[in-house]
file input_0.cif (mmCIF, C-alpha atoms and all ligand atoms)
data_upload
#
loop_
_atom_site.group_PDB
_atom_site.id
_atom_site.type_symbol
_atom_site.label_atom_id
_atom_site.label_comp_id
_atom_site.auth_asym_id
_atom_site.auth_seq_id
_atom_site.Cartn_x
_atom_site.Cartn_y
_atom_site.Cartn_z
ATOM 1 C CA MET Q 1 4.905 48.671 -27.975
ATOM 2 C CA SER Q 2 6.016 45.968 -25.501
ATOM 3 C CA SER Q 3 8.943 46.300 -23.104
ATOM 4 C CA ASN Q 4 11.221 44.406 -25.551
ATOM 5 C CA GLN Q 5 10.755 46.958 -28.299
ATOM 6 C CA ASN Q 6 12.141 50.433 -28.710
ATOM 7 C CA ASN Q 7 12.705 52.966 -31.475
ATOM 8 C CA GLN Q 8 15.769 51.056 -32.631
ATOM 9 C CA SER Q 9 13.810 47.813 -33.096
ATOM 10 C CA PRO Q 10 13.570 46.588 -36.684
ATOM 11 C CA ILE Q 11 10.563 46.652 -38.989
ATOM 12 C CA GLY Q 12 9.459 43.272 -40.406
ATOM 13 C CA VAL Q 13 8.430 43.108 -44.063
ATOM 14 C CA TYR Q 14 6.996 39.987 -45.699
ATOM 15 C CA ASP Q 15 5.680 38.640 -48.974
ATOM 16 C CA SER Q 16 5.306 35.274 -50.692
ATOM 17 C CA GLY Q 17 8.675 35.876 -52.354
ATOM 18 C CA SER Q 18 10.681 38.680 -53.872
ATOM 19 C CA GLY Q 19 7.711 40.896 -54.870
ATOM 20 C CA GLY Q 20 7.627 42.737 -51.555
ATOM 21 C CA LEU Q 21 11.122 44.020 -52.284
ATOM 22 C CA SER Q 22 9.403 46.602 -54.517
ATOM 23 C CA VAL Q 23 7.928 47.996 -51.297
ATOM 24 C CA LEU Q 24 11.117 47.550 -49.259
ATOM 25 C CA LYS Q 25 12.984 49.624 -51.859
ATOM 26 C CA GLU Q 26 10.721 52.618 -51.199
ATOM 27 C CA LEU Q 27 10.721 52.030 -47.439
ATOM 28 C CA LYS Q 28 14.529 52.102 -47.389
ATOM 29 C CA ARG Q 29 14.527 55.280 -49.461
ATOM 30 C CA ILE Q 30 12.138 57.286 -47.306
ATOM 31 C CA LEU Q 31 13.027 55.731 -43.943
ATOM 32 C CA PRO Q 32 16.839 55.596 -44.239
ATOM 33 C CA ASN Q 33 17.410 55.243 -40.486
ATOM 34 C CA GLU Q 34 15.222 52.189 -40.044
ATOM 35 C CA SER Q 35 16.431 48.591 -39.737
ATOM 36 C CA PHE Q 36 14.500 45.984 -41.702
ATOM 37 C CA ILE Q 37 14.049 42.218 -41.676
ATOM 38 C CA TYR Q 38 12.607 40.876 -44.938
ATOM 39 C CA PHE Q 39 10.981 37.451 -45.241
ATOM 40 C CA GLY Q 40 10.021 35.950 -48.624
ATOM 41 C CA ASP Q 41 7.937 32.787 -48.349
ATOM 42 C CA THR Q 42 9.317 31.237 -51.551
ATOM 43 C CA LYS Q 43 8.569 27.705 -50.347
ATOM 44 C CA ARG Q 44 4.827 28.360 -50.307
ATOM 45 C CA MET Q 45 4.554 30.828 -53.157
ATOM 46 C CA PRO Q 46 2.428 31.592 -55.027
ATOM 47 C CA TYR Q 47 -0.011 32.871 -52.424
ATOM 48 C CA GLY Q 48 -2.499 33.776 -55.161
ATOM 49 C CA ASP Q 49 -3.911 30.251 -55.480
ATOM 50 C CA LYS Q 50 -4.196 29.568 -51.732
ATOM 51 C CA THR Q 51 -7.343 29.630 -49.593
ATOM 52 C CA PRO Q 52 -7.988 32.347 -46.990
ATOM 53 C CA SER Q 53 -7.396 29.847 -44.173
ATOM 54 C CA GLN Q 54 -4.052 28.705 -45.631
ATOM 55 C CA LEU Q 55 -3.042 32.348 -46.068
ATOM 56 C CA MET Q 56 -4.091 33.057 -42.473
ATOM 57 C CA SER Q 57 -1.828 30.331 -41.093
ATOM 58 C CA PHE Q 58 1.149 31.444 -43.241
ATOM 59 C CA CYS Q 59 0.687 35.019 -42.053
ATOM 60 C CA ILE Q 60 0.476 34.003 -38.387
ATOM 61 C CA GLU Q 61 3.668 31.925 -38.680
ATOM 62 C CA ILE Q 62 5.517 34.866 -40.201
ATOM 63 C CA LEU Q 63 4.203 37.360 -37.641
ATOM 64 C CA ASP Q 64 5.053 34.919 -34.810
ATOM 65 C CA TYR Q 65 8.615 34.803 -36.118
ATOM 66 C CA PHE Q 66 8.743 38.599 -36.342
ATOM 67 C CA GLU Q 67 7.492 38.761 -32.757
ATOM 68 C CA THR Q 68 10.487 36.688 -31.622
ATOM 69 C CA ARG Q 69 12.661 39.334 -33.334
ATOM 70 C CA ASN Q 70 11.039 42.125 -31.324
ATOM 71 C CA ILE Q 71 9.993 44.172 -34.316
ATOM 72 C CA LYS Q 72 8.245 47.494 -33.748
ATOM 73 C CA ALA Q 73 6.015 47.273 -36.863
ATOM 74 C CA ALA Q 74 5.173 44.757 -39.604
ATOM 75 C CA ILE Q 75 4.406 45.422 -43.235
ATOM 76 C CA SER Q 76 2.458 43.005 -45.365
ATOM 77 C CA ALA Q 77 4.200 43.821 -48.656
ATOM 78 C CA CYS Q 78 1.780 41.350 -50.189
ATOM 79 C CA ASN Q 79 -1.610 42.374 -51.557
ATOM 80 C CA THR Q 80 -2.936 38.834 -51.270
ATOM 81 C CA SER Q 81 -2.217 38.615 -47.559
ATOM 82 C CA SER Q 82 -3.348 42.227 -47.030
ATOM 83 C CA ALA Q 83 -6.692 41.567 -48.739
ATOM 84 C CA ALA Q 84 -7.467 38.019 -47.612
ATOM 85 C CA VAL Q 85 -5.951 37.898 -44.108
ATOM 86 C CA LEU Q 86 -5.406 41.227 -42.389
ATOM 87 C CA PRO Q 87 -9.085 42.263 -42.049
ATOM 88 C CA ASN Q 88 -9.785 38.917 -40.298
ATOM 89 C CA LEU Q 89 -6.518 38.294 -38.471
ATOM 90 C CA THR Q 90 -7.337 36.017 -35.547
ATOM 91 C CA LYS Q 91 -4.288 36.770 -33.419
ATOM 92 C CA SER Q 92 -3.075 40.025 -31.930
ATOM 93 C CA TYR Q 93 0.502 41.270 -31.767
ATOM 94 C CA PRO Q 94 2.332 43.955 -29.813
ATOM 95 C CA PHE Q 95 3.062 45.876 -33.018
ATOM 96 C CA GLU Q 96 1.018 47.467 -35.770
ATOM 97 C CA ILE Q 97 0.626 45.593 -39.068
ATOM 98 C CA PHE Q 98 0.438 47.742 -42.181
ATOM 99 C CA GLY Q 99 -1.175 46.442 -45.378
ATOM 100 C CA MET Q 100 -1.296 47.492 -49.026
ATOM 101 C CA ILE Q 101 -5.025 48.006 -49.631
ATOM 102 C CA GLU Q 102 -6.008 51.047 -47.587
ATOM 103 C CA PRO Q 103 -3.306 53.563 -48.590
ATOM 104 C CA THR Q 104 -3.403 52.442 -52.231
ATOM 105 C CA SER Q 105 -7.197 52.673 -52.437
ATOM 106 C CA LYS Q 106 -7.229 56.189 -50.958
ATOM 107 C CA TYR Q 107 -4.562 57.303 -53.401
ATOM 108 C CA VAL Q 108 -6.274 55.803 -56.457
ATOM 109 C CA ALA Q 109 -9.741 57.039 -55.442
ATOM 110 C CA ASN Q 110 -8.437 60.600 -55.156
ATOM 111 C CA LEU Q 111 -7.091 60.529 -58.714
ATOM 112 C CA ASN Q 112 -10.700 60.637 -59.938
ATOM 113 C CA PHE Q 113 -10.420 58.202 -62.827
ATOM 114 C CA LYS Q 114 -13.608 57.189 -64.597
ATOM 115 C CA LYS Q 115 -12.371 53.652 -65.145
ATOM 116 C CA VAL Q 116 -9.358 52.018 -63.604
ATOM 117 C CA GLY Q 117 -8.131 48.446 -64.059
ATOM 118 C CA ILE Q 118 -6.587 46.420 -61.281
ATOM 119 C CA ILE Q 119 -4.378 43.445 -61.959
ATOM 120 C CA ALA Q 120 -3.738 41.142 -59.004
ATOM 121 C CA THR Q 121 -3.650 37.514 -57.917
ATOM 122 C CA ALA Q 122 -6.807 35.387 -58.058
ATOM 123 C CA ALA Q 123 -7.004 35.363 -54.237
ATOM 124 C CA THR Q 124 -6.829 39.176 -54.056
ATOM 125 C CA ILE Q 125 -9.469 39.628 -56.762
ATOM 126 C CA LYS Q 126 -11.768 37.119 -55.025
ATOM 127 C CA THR Q 127 -11.979 39.467 -52.024
ATOM 128 C CA SER Q 128 -12.826 42.505 -54.230
ATOM 129 C CA ALA Q 129 -10.924 44.474 -51.581
ATOM 130 C CA TYR Q 130 -9.606 47.112 -53.998
ATOM 131 C CA LYS Q 131 -12.859 47.436 -55.954
ATOM 132 C CA ASN Q 132 -14.931 47.825 -52.810
ATOM 133 C CA SER Q 133 -12.680 50.291 -51.064
ATOM 134 C CA ILE Q 134 -11.908 52.495 -54.109
ATOM 135 C CA GLU Q 135 -15.559 52.661 -55.206
ATOM 136 C CA LYS Q 136 -16.645 53.363 -51.628
ATOM 137 C CA ILE Q 137 -14.337 56.398 -51.391
ATOM 138 C CA ASN Q 138 -15.142 57.662 -54.902
ATOM 139 C CA ASN Q 139 -18.389 56.452 -56.434
ATOM 140 C CA LYS Q 140 -17.500 58.061 -59.772
ATOM 141 C CA THR Q 141 -14.591 55.663 -60.274
ATOM 142 C CA GLU Q 142 -15.359 52.241 -61.697
ATOM 143 C CA VAL Q 143 -12.813 49.502 -60.926
ATOM 144 C CA ILE Q 144 -12.420 46.666 -63.421
ATOM 145 C CA GLN Q 145 -10.723 43.631 -61.883
ATOM 146 C CA GLN Q 146 -8.432 41.206 -63.668
ATOM 147 C CA PRO Q 147 -6.946 38.152 -61.929
ATOM 148 C CA CYS Q 148 -3.561 37.132 -63.364
ATOM 149 C CA PRO Q 149 -2.730 33.517 -62.405
ATOM 150 C CA GLY Q 150 0.683 32.274 -63.472
ATOM 151 C CA LEU Q 151 2.605 35.548 -63.533
ATOM 152 C CA VAL Q 152 4.113 35.254 -60.043
ATOM 153 C CA GLU Q 153 5.372 31.712 -60.749
ATOM 154 C CA LEU Q 154 7.142 32.941 -63.903
ATOM 155 C CA ILE Q 155 8.643 35.937 -62.090
ATOM 156 C CA GLU Q 156 9.931 33.778 -59.218
ATOM 157 C CA ALA Q 157 11.440 31.350 -61.754
ATOM 158 C CA ASN Q 158 13.369 34.333 -63.175
ATOM 159 C CA GLN Q 159 11.330 34.144 -66.394
ATOM 160 C CA SER Q 160 9.819 37.625 -66.265
ATOM 161 C CA ASP Q 161 11.387 38.636 -69.565
ATOM 162 C CA SER Q 162 10.319 35.468 -71.408
ATOM 163 C CA GLN Q 163 7.955 35.304 -74.373
ATOM 164 C CA GLU Q 164 5.676 33.093 -72.269
ATOM 165 C CA CYS Q 165 5.363 35.841 -69.684
ATOM 166 C CA PHE Q 166 4.702 38.479 -72.368
ATOM 167 C CA VAL Q 167 1.923 36.417 -73.979
ATOM 168 C CA LEU Q 168 0.276 35.658 -70.636
ATOM 169 C CA LEU Q 169 0.471 39.273 -69.487
ATOM 170 C CA LYS Q 170 -0.948 40.488 -72.803
ATOM 171 C CA SER Q 171 -3.905 38.131 -72.438
ATOM 172 C CA TYR Q 172 -4.682 39.778 -69.084
ATOM 173 C CA ILE Q 173 -4.165 43.399 -70.167
ATOM 174 C CA GLU Q 174 -6.119 43.251 -73.454
ATOM 175 C CA PRO Q 175 -9.574 42.749 -71.897
ATOM 176 C CA LEU Q 176 -8.886 45.805 -69.707
ATOM 177 C CA LEU Q 177 -7.890 47.915 -72.720
ATOM 178 C CA LYS Q 178 -11.178 46.947 -74.436
ATOM 179 C CA GLN Q 179 -12.972 48.526 -71.470
ATOM 180 C CA ASP Q 180 -11.251 51.887 -71.981
ATOM 181 C CA ILE Q 181 -9.458 52.075 -68.673
ATOM 182 C CA GLN Q 182 -7.327 55.167 -67.993
ATOM 183 C CA ALA Q 183 -4.944 53.549 -65.511
ATOM 184 C CA ILE Q 184 -3.790 50.155 -64.275
ATOM 185 C CA VAL Q 185 -3.038 49.517 -60.610
ATOM 186 C CA LEU Q 186 -0.301 46.959 -59.981
ATOM 187 C CA GLY Q 187 -2.242 45.096 -57.306
ATOM 188 C CA CYS Q 188 0.518 42.557 -56.695
ATOM 189 C CA THR Q 189 3.928 43.581 -55.415
ATOM 190 C CA HIS Q 190 5.641 41.317 -57.956
ATOM 191 C CA TYR Q 191 4.226 43.189 -60.944
ATOM 192 C CA PRO Q 192 6.512 46.272 -60.944
ATOM 193 C CA ILE Q 193 9.048 43.907 -62.539
ATOM 194 C CA LEU Q 194 6.678 43.791 -65.549
ATOM 195 C CA GLU Q 195 6.241 47.563 -65.844
ATOM 196 C CA SER Q 196 8.130 48.019 -69.111
ATOM 197 C CA MET Q 197 6.272 45.057 -70.669
ATOM 198 C CA ILE Q 198 2.970 46.649 -69.648
ATOM 199 C CA HIS Q 199 4.049 49.928 -71.270
ATOM 200 C CA GLU Q 200 4.857 48.004 -74.421
ATOM 201 C CA ILE Q 201 1.504 46.174 -74.434
ATOM 202 C CA THR Q 202 -0.456 49.373 -73.765
ATOM 203 C CA ASN Q 203 1.616 51.455 -76.172
ATOM 204 C CA HIS Q 204 2.429 53.870 -73.324
ATOM 205 C CA ARG Q 205 -1.204 55.066 -73.416
ATOM 206 C CA ILE Q 206 -2.185 54.004 -69.890
ATOM 207 C CA ILE Q 207 -1.016 55.317 -66.524
ATOM 208 C CA ILE Q 208 0.602 52.566 -64.447
ATOM 209 C CA ILE Q 209 0.257 52.884 -60.685
ATOM 210 C CA ASN Q 210 2.823 51.105 -58.520
ATOM 211 C CA PRO Q 211 1.544 51.361 -54.915
ATOM 212 C CA ALA Q 212 4.971 50.855 -53.274
ATOM 213 C CA LEU Q 213 5.760 54.515 -52.589
ATOM 214 C CA VAL Q 214 2.236 55.335 -51.424
ATOM 215 C CA VAL Q 215 2.382 52.479 -48.911
ATOM 216 C CA ALA Q 216 5.876 53.439 -47.731
ATOM 217 C CA LYS Q 217 4.751 57.051 -47.204
ATOM 218 C CA SER Q 218 1.764 56.003 -45.149
ATOM 219 C CA VAL Q 219 3.992 53.772 -42.972
ATOM 220 C CA LYS Q 220 6.318 56.727 -42.394
ATOM 221 C CA GLU Q 221 3.405 58.982 -41.486
ATOM 222 C CA ASN Q 222 2.080 56.448 -38.976
ATOM 223 C CA LEU Q 223 5.433 55.721 -37.343
ATOM 224 C CA THR Q 224 6.097 59.457 -37.072
ATOM 225 C CA LYS Q 225 2.725 60.008 -35.358
ATOM 226 C CA GLN Q 226 3.463 57.170 -32.937
ATOM 227 C CA ASN Q 227 6.918 58.539 -32.197
ATOM 228 C CA LEU Q 228 8.482 55.287 -33.327
ATOM 229 C CA LEU Q 229 11.156 56.514 -35.730
ATOM 230 C CA ASN Q 230 14.788 55.561 -35.180
ATOM 231 C CA ASN Q 231 17.341 58.367 -34.974
ATOM 232 C CA ASN Q 232 20.382 56.117 -34.784
ATOM 233 C CA THR Q 233 22.319 54.261 -37.453
ATOM 234 C CA PRO Q 234 20.298 51.293 -38.766
ATOM 235 C CA TYR Q 235 21.482 47.679 -38.906
ATOM 236 C CA GLU Q 236 22.062 45.990 -42.270
ATOM 237 C CA THR Q 237 18.831 44.659 -43.726
ATOM 238 C CA GLU Q 238 18.417 40.920 -43.121
ATOM 239 C CA PHE Q 239 16.916 38.871 -45.959
ATOM 240 C CA TYR Q 240 15.337 35.448 -45.487
ATOM 241 C CA ALA Q 241 13.632 33.088 -47.919
ATOM 242 C CA SER Q 242 11.888 29.820 -47.019
ATOM 243 C CA LYS Q 243 13.328 28.084 -50.124
ATOM 244 C CA ASN Q 244 16.229 28.671 -52.504
ATOM 245 C CA PRO Q 245 17.621 31.928 -51.112
ATOM 246 C CA GLN Q 246 20.057 32.248 -54.080
ATOM 247 C CA LEU Q 247 17.244 32.334 -56.624
ATOM 248 C CA PHE Q 248 15.265 34.666 -54.355
ATOM 249 C CA GLU Q 249 18.241 37.033 -54.317
ATOM 250 C CA GLU Q 250 18.738 36.878 -58.067
ATOM 251 C CA VAL Q 251 15.093 37.683 -58.802
ATOM 252 C CA GLY Q 252 14.934 40.118 -55.916
ATOM 253 C CA ARG Q 253 17.805 42.259 -57.137
ATOM 254 C CA GLN Q 254 15.705 43.194 -60.177
ATOM 255 C CA LEU Q 255 13.286 44.887 -57.771
ATOM 256 C CA TYR Q 256 15.717 46.092 -55.120
ATOM 257 C CA SER Q 257 19.430 46.187 -55.854
ATOM 258 C CA GLY Q 258 20.287 46.063 -52.128
ATOM 259 C CA CYS Q 259 19.026 42.484 -51.784
ATOM 260 C CA LYS Q 260 22.021 40.425 -50.640
ATOM 261 C CA ASN Q 261 23.196 37.673 -48.268
ATOM 262 C CA ALA Q 262 19.765 36.052 -48.229
ATOM 263 C CA LYS Q 263 19.544 33.108 -45.831
ATOM 264 C CA LEU Q 264 17.294 30.078 -45.708
ATOM 265 C CA LEU Q 265 14.637 30.283 -43.014
ATOM 266 C CA GLU Q 266 11.956 27.607 -42.774
ATOM 267 C CA LEU Q 267 9.238 28.573 -40.359
HETATM 268 N N1 LIG Q 301 3.289 39.563 -54.166
HETATM 269 C C1 LIG Q 301 2.081 39.087 -53.594
HETATM 270 C C2 LIG Q 301 0.939 40.030 -53.771
HETATM 271 O O1 LIG Q 301 1.147 41.221 -53.774
HETATM 272 C C3 LIG Q 301 1.794 37.611 -53.674
HETATM 273 C C4 LIG Q 301 1.788 36.982 -55.024
HETATM 274 C C5 LIG Q 301 1.629 35.472 -54.970
HETATM 275 O O2 LIG Q 301 2.416 34.822 -54.310
HETATM 276 O O3 LIG Q 301 0.732 34.941 -55.637
HETATM 277 O O4 LIG Q 301 -0.202 39.620 -53.850
#

call {"tool": "encode", "arguments": {"input": "input_0.cif", "output": "structure tokens"}}
result
Amino acid sequence: MSSNQNNQSPIGVYDSGSGGLSVLKELKRILPNESFIYFGDTKRMPYGDKTPSQLMSFCIEILDYFETRNIKAAISACNTSSAAVLPNLTKSYPFEIFGMIEPTSKYVANLNFKKVGIIATAATIKTSAYKNSIEKINNKTEVIQQPCPGLVELIEANQSDSQECFVLLKSYIEPLLKQDIQAIVLGCTHYPILESMIHEITNHRIIIINPALVVAKSVKENLTKQNLLNNNTPYETEFYASKNPQLFEEVGRQLYSGCKNAKLLEL
């Protein structure tokens, strides 16, 4: 922690758009005294079709902004950035950066499934981050990967309940069902918005794992160990989007009802 930070400093949370609000919702629930700043990079979404070097520069811009806000910790509420950037981050910061992959992989590996499907963006799947880390912890679990291009764009356009979204999602889930998976990991923070559609497609026969709570719990554990928790009253959460904050808010409220007063912030 640098001299500008203290226990009352906020926690920065980012994603390509509103998806990371699924993680913020759990963070707010289990860390009620913490102040949060949320940034959704709606101008450059989707992240799933970007290259690792593009994703690296987006991440650095966001973390640089968070640094100016004297945050005490950052959370990449974005699997794509967690998988494709964080292991190779070329810049260091005076705060810890928490990602999605490690806590989720540990959790899934310990559930001892024979076969588990993971749905995520193309960029996340390209890294095989989940497959490698789950199978490394538990070599009896086989991870079947399914990239899902197009879903995030539909969700951010507020089309998550459209027929187009249903058909596209079904085309991604069916190959997994043919492989007899027991569970599906939502490997993109936008996908919890599709949970009831997935239940419908799978006929409620498959366990759906939303990593948000697991990640939030591991952040709490780490901040507690580092003596970084805030005991005072938190500030109101600040929400920023790099394009169309009204639409961001509208979509975002489906994942976290506390999303309000979003402001435009172009980095
Ligand atoms: N929600 C993000 C993730 O978890 C990014 C999705 C995207 O923008 O493609 O990967």

call {"tool": "residues_around", "arguments": {"input": "input_0.cif", "residues": "Ser160 of chain Q", "least_positions_apart": "6", "cutoff": "12 Å", "atoms": "only C-alpha atoms", "output": "list in words"}}
result
Gly150, Leu151, Val152, Glu153, Leu154, Phe166, Val167, Leu168, Leu169, His190, Tyr191, Pro192, Ile193, Leu194, Glu195, Ser196, Met197, Ile198, Val251, Gly252, Gln254 and Leu255 of chain Q

call {"tool": "write_last_selection", "arguments": {"input": "input_0.cif", "atoms": "C-alpha atoms", "output": "short mmCIF file (atom, residue, chain, number, x, y, z; two decimals), keeping the file's coordinate frame"}}
result
data_model
loop_
_atom_site.label_atom_id
_atom_site.label_comp_id
_atom_site.auth_asym_id
_atom_site.auth_seq_id
_atom_site.Cartn_x
_atom_site.Cartn_y
_atom_site.Cartn_z
CA GLY Q 150 0.68 32.27 -63.47
CA LEU Q 151 2.60 35.55 -63.53
CA VAL Q 152 4.11 35.25 -60.04
CA GLU Q 153 5.37 31.71 -60.75
CA LEU Q 154 7.14 32.94 -63.90
CA PHE Q 166 4.70 38.48 -72.37
CA VAL Q 167 1.92 36.42 -73.98
CA LEU Q 168 0.28 35.66 -70.64
CA LEU Q 169 0.47 39.27 -69.49
CA HIS Q 190 5.64 41.32 -57.96
CA TYR Q 191 4.23 43.19 -60.94
CA PRO Q 192 6.51 46.27 -60.94
CA ILE Q 193 9.05 43.91 -62.54
CA LEU Q 194 6.68 43.79 -65.55
CA GLU Q 195 6.24 47.56 -65.84
CA SER Q 196 8.13 48.02 -69.11
CA MET Q 197 6.27 45.06 -70.67
CA ILE Q 198 2.97 46.65 -69.65
CA VAL Q 251 15.09 37.68 -58.80
CA GLY Q 252 14.93 40.12 -55.92
CA GLN Q 254 15.70 43.19 -60.18
CA LEU Q 255 13.29 44.89 -57.77
#

call {"tool": "residues_near_ligand", "arguments": {"input": "input_0.cif", "ligand": "ligand LIG 301 (chain Q)", "cutoff": "10 Å", "atoms": "all atoms listed in the file", "output": "VMD selection string"}}
result
chain Q and resid 14 to 23 40 to 42 44 to 50 76 to 84 100 119 to 125 148 to 153 155 to 156 186 to 191

call {"tool": "write_last_selection", "arguments": {"input": "input_0.cif", "atoms": "C-alpha atoms", "output": "mmCIF file, keeping the file's coordinate frame"}}
result
data_model
loop_
_atom_site.group_PDB
_atom_site.id
_atom_site.type_symbol
_atom_site.label_atom_id
_atom_site.label_comp_id
_atom_site.auth_asym_id
_atom_site.auth_seq_id
_atom_site.Cartn_x
_atom_site.Cartn_y
_atom_site.Cartn_z
ATOM 1 C CA TYR Q 14 6.996 39.987 -45.699
ATOM 2 C CA ASP Q 15 5.680 38.640 -48.974
ATOM 3 C CA SER Q 16 5.306 35.274 -50.692
ATOM 4 C CA GLY Q 17 8.675 35.876 -52.354
ATOM 5 C CA SER Q 18 10.681 38.680 -53.872
ATOM 6 C CA GLY Q 19 7.711 40.896 -54.870
ATOM 7 C CA GLY Q 20 7.627 42.737 -51.555
ATOM 8 C CA LEU Q 21 11.122 44.020 -52.284
ATOM 9 C CA SER Q 22 9.403 46.602 -54.517
ATOM 10 C CA VAL Q 23 7.928 47.996 -51.297
ATOM 11 C CA GLY Q 40 10.021 35.950 -48.624
ATOM 12 C CA ASP Q 41 7.937 32.787 -48.349
ATOM 13 C CA THR Q 42 9.317 31.237 -51.551
ATOM 14 C CA ARG Q 44 4.827 28.360 -50.307
ATOM 15 C CA MET Q 45 4.554 30.828 -53.157
ATOM 16 C CA PRO Q 46 2.428 31.592 -55.027
ATOM 17 C CA TYR Q 47 -0.011 32.871 -52.424
ATOM 18 C CA GLY Q 48 -2.499 33.776 -55.161
ATOM 19 C CA ASP Q 49 -3.911 30.251 -55.480
ATOM 20 C CA LYS Q 50 -4.196 29.568 -51.732
ATOM 21 C CA SER Q 76 2.458 43.005 -45.365
ATOM 22 C CA ALA Q 77 4.200 43.821 -48.656
ATOM 23 C CA CYS Q 78 1.780 41.350 -50.189
ATOM 24 C CA ASN Q 79 -1.610 42.374 -51.557
ATOM 25 C CA THR Q 80 -2.936 38.834 -51.270
ATOM 26 C CA SER Q 81 -2.217 38.615 -47.559
ATOM 27 C CA SER Q 82 -3.348 42.227 -47.030
ATOM 28 C CA ALA Q 83 -6.692 41.567 -48.739
ATOM 29 C CA ALA Q 84 -7.467 38.019 -47.612
ATOM 30 C CA MET Q 100 -1.296 47.492 -49.026
ATOM 31 C CA ILE Q 119 -4.378 43.445 -61.959
ATOM 32 C CA ALA Q 120 -3.738 41.142 -59.004
ATOM 33 C CA THR Q 121 -3.650 37.514 -57.917
ATOM 34 C CA ALA Q 122 -6.807 35.387 -58.058
ATOM 35 C CA ALA Q 123 -7.004 35.363 -54.237
ATOM 36 C CA THR Q 124 -6.829 39.176 -54.056
ATOM 37 C CA ILE Q 125 -9.469 39.628 -56.762
ATOM 38 C CA CYS Q 148 -3.561 37.132 -63.364
ATOM 39 C CA PRO Q 149 -2.730 33.517 -62.405
ATOM 40 C CA GLY Q 150 0.683 32.274 -63.472
ATOM 41 C CA LEU Q 151 2.605 35.548 -63.533
ATOM 42 C CA VAL Q 152 4.113 35.254 -60.043
ATOM 43 C CA GLU Q 153 5.372 31.712 -60.749
ATOM 44 C CA ILE Q 155 8.643 35.937 -62.090
ATOM 45 C CA GLU Q 156 9.931 33.778 -59.218
ATOM 46 C CA LEU Q 186 -0.301 46.959 -59.981
ATOM 47 C CA GLY Q 187 -2.242 45.096 -57.306
ATOM 48 C CA CYS Q 188 0.518 42.557 -56.695
ATOM 49 C CA THR Q 189 3.928 43.581 -55.415
ATOM 50 C CA HIS Q 190 5.641 41.317 -57.956
ATOM 51 C CA TYR Q 191 4.226 43.189 -60.944
#

call {"tool": "residues_around", "arguments": {"input": "input_0.cif", "residues": "Asn139 of chain Q", "least_positions_apart": "2", "cutoff": "12 Å", "atoms": "all atoms listed in the file", "output": "PyMOL selection string"}}
result
chain Q and resi 109-110+112-115+131-137+141-143

call {"tool": "write_last_selection", "arguments": {"input": "input_0.cif", "atoms": "C-alpha atoms", "output": "mmCIF file, in the frame of the given file"}}
result
data_model
loop_
_atom_site.group_PDB
_atom_site.id
_atom_site.type_symbol
_atom_site.label_atom_id
_atom_site.label_comp_id
_atom_site.auth_asym_id
_atom_site.auth_seq_id
_atom_site.Cartn_x
_atom_site.Cartn_y
_atom_site.Cartn_z
ATOM 1 C CA ALA Q 109 -9.741 57.039 -55.442
ATOM 2 C CA ASN Q 110 -8.437 60.600 -55.156
ATOM 3 C CA ASN Q 112 -10.700 60.637 -59.938
ATOM 4 C CA PHE Q 113 -10.420 58.202 -62.827
ATOM 5 C CA LYS Q 114 -13.608 57.189 -64.597
ATOM 6 C CA LYS Q 115 -12.371 53.652 -65.145
ATOM 7 C CA LYS Q 131 -12.859 47.436 -55.954
ATOM 8 C CA ASN Q 132 -14.931 47.825 -52.810
ATOM 9 C CA SER Q 133 -12.680 50.291 -51.064
ATOM 10 C CA ILE Q 134 -11.908 52.495 -54.109
ATOM 11 C CA GLU Q 135 -15.559 52.661 -55.206
ATOM 12 C CA LYS Q 136 -16.645 53.363 -51.628
ATOM 13 C CA ILE Q 137 -14.337 56.398 -51.391
ATOM 14 C CA THR Q 141 -14.591 55.663 -60.274
ATOM 15 C CA GLU Q 142 -15.359 52.241 -61.697
ATOM 16 C CA VAL Q 143 -12.813 49.502 -60.926
#

call {"tool": "resolve_selection", "arguments": {"input": "input_0.cif", "expression": "the PyMOL selection byres (((chain Q and resi 205-209) around 8) and not hetatm)", "output": "number ranges by chain"}}
result
Q: 181-186, 195, 199, 202-204, 210-211

call {"tool": "resolve_selection", "arguments": {"input": "input_0.cif", "expression": "the PyMOL selection byres (((chain Q and resi 30-39) around 8) and not hetatm)", "output": "compact mmCIF listing (two decimals) with C-alpha atoms, in the coordinates of the input"}}
result
# COMPACT_ATOMS: atom_id res chain seq x y z
CA GLN Q 8 15.77 51.06 -32.63
CA SER Q 9 13.81 47.81 -33.10
CA PRO Q 10 13.57 46.59 -36.68
CA ILE Q 11 10.56 46.65 -38.99
CA GLY Q 12 9.46 43.27 -40.41
CA VAL Q 13 8.43 43.11 -44.06
CA TYR Q 14 7.00 39.99 -45.70
CA ASP Q 15 5.68 38.64 -48.97
CA GLY Q 17 8.68 35.88 -52.35
CA GLU Q 26 10.72 52.62 -51.20
CA LEU Q 27 10.72 52.03 -47.44
CA LYS Q 28 14.53 52.10 -47.39
CA ARG Q 29 14.53 55.28 -49.46
CA GLY Q 40 10.02 35.95 -48.62
CA ASP Q 41 7.94 32.79 -48.35
CA ILE Q 62 5.52 34.87 -40.20
CA ALA Q 216 5.88 53.44 -47.73
CA LYS Q 217 4.75 57.05 -47.20
CA LYS Q 220 6.32 56.73 -42.39
CA LEU Q 229 11.16 56.51 -35.73
CA ASN Q 230 14.79 55.56 -35.18
CA ASN Q 231 17.34 58.37 -34.97
CA ASN Q 232 20.38 56.12 -34.78
CA THR Q 233 22.32 54.26 -37.45
CA PRO Q 234 20.30 51.29 -38.77
CA TYR Q 235 21.48 47.68 -38.91
CA GLU Q 236 22.06 45.99 -42.27
CA THR Q 237 18.83 44.66 -43.73
CA GLU Q 238 18.42 40.92 -43.12
CA PHE Q 239 16.92 38.87 -45.96
CA TYR Q 240 15.34 35.45 -45.49
CA ALA Q 241 13.63 33.09 -47.92
CA SER Q 242 11.89 29.82 -47.02
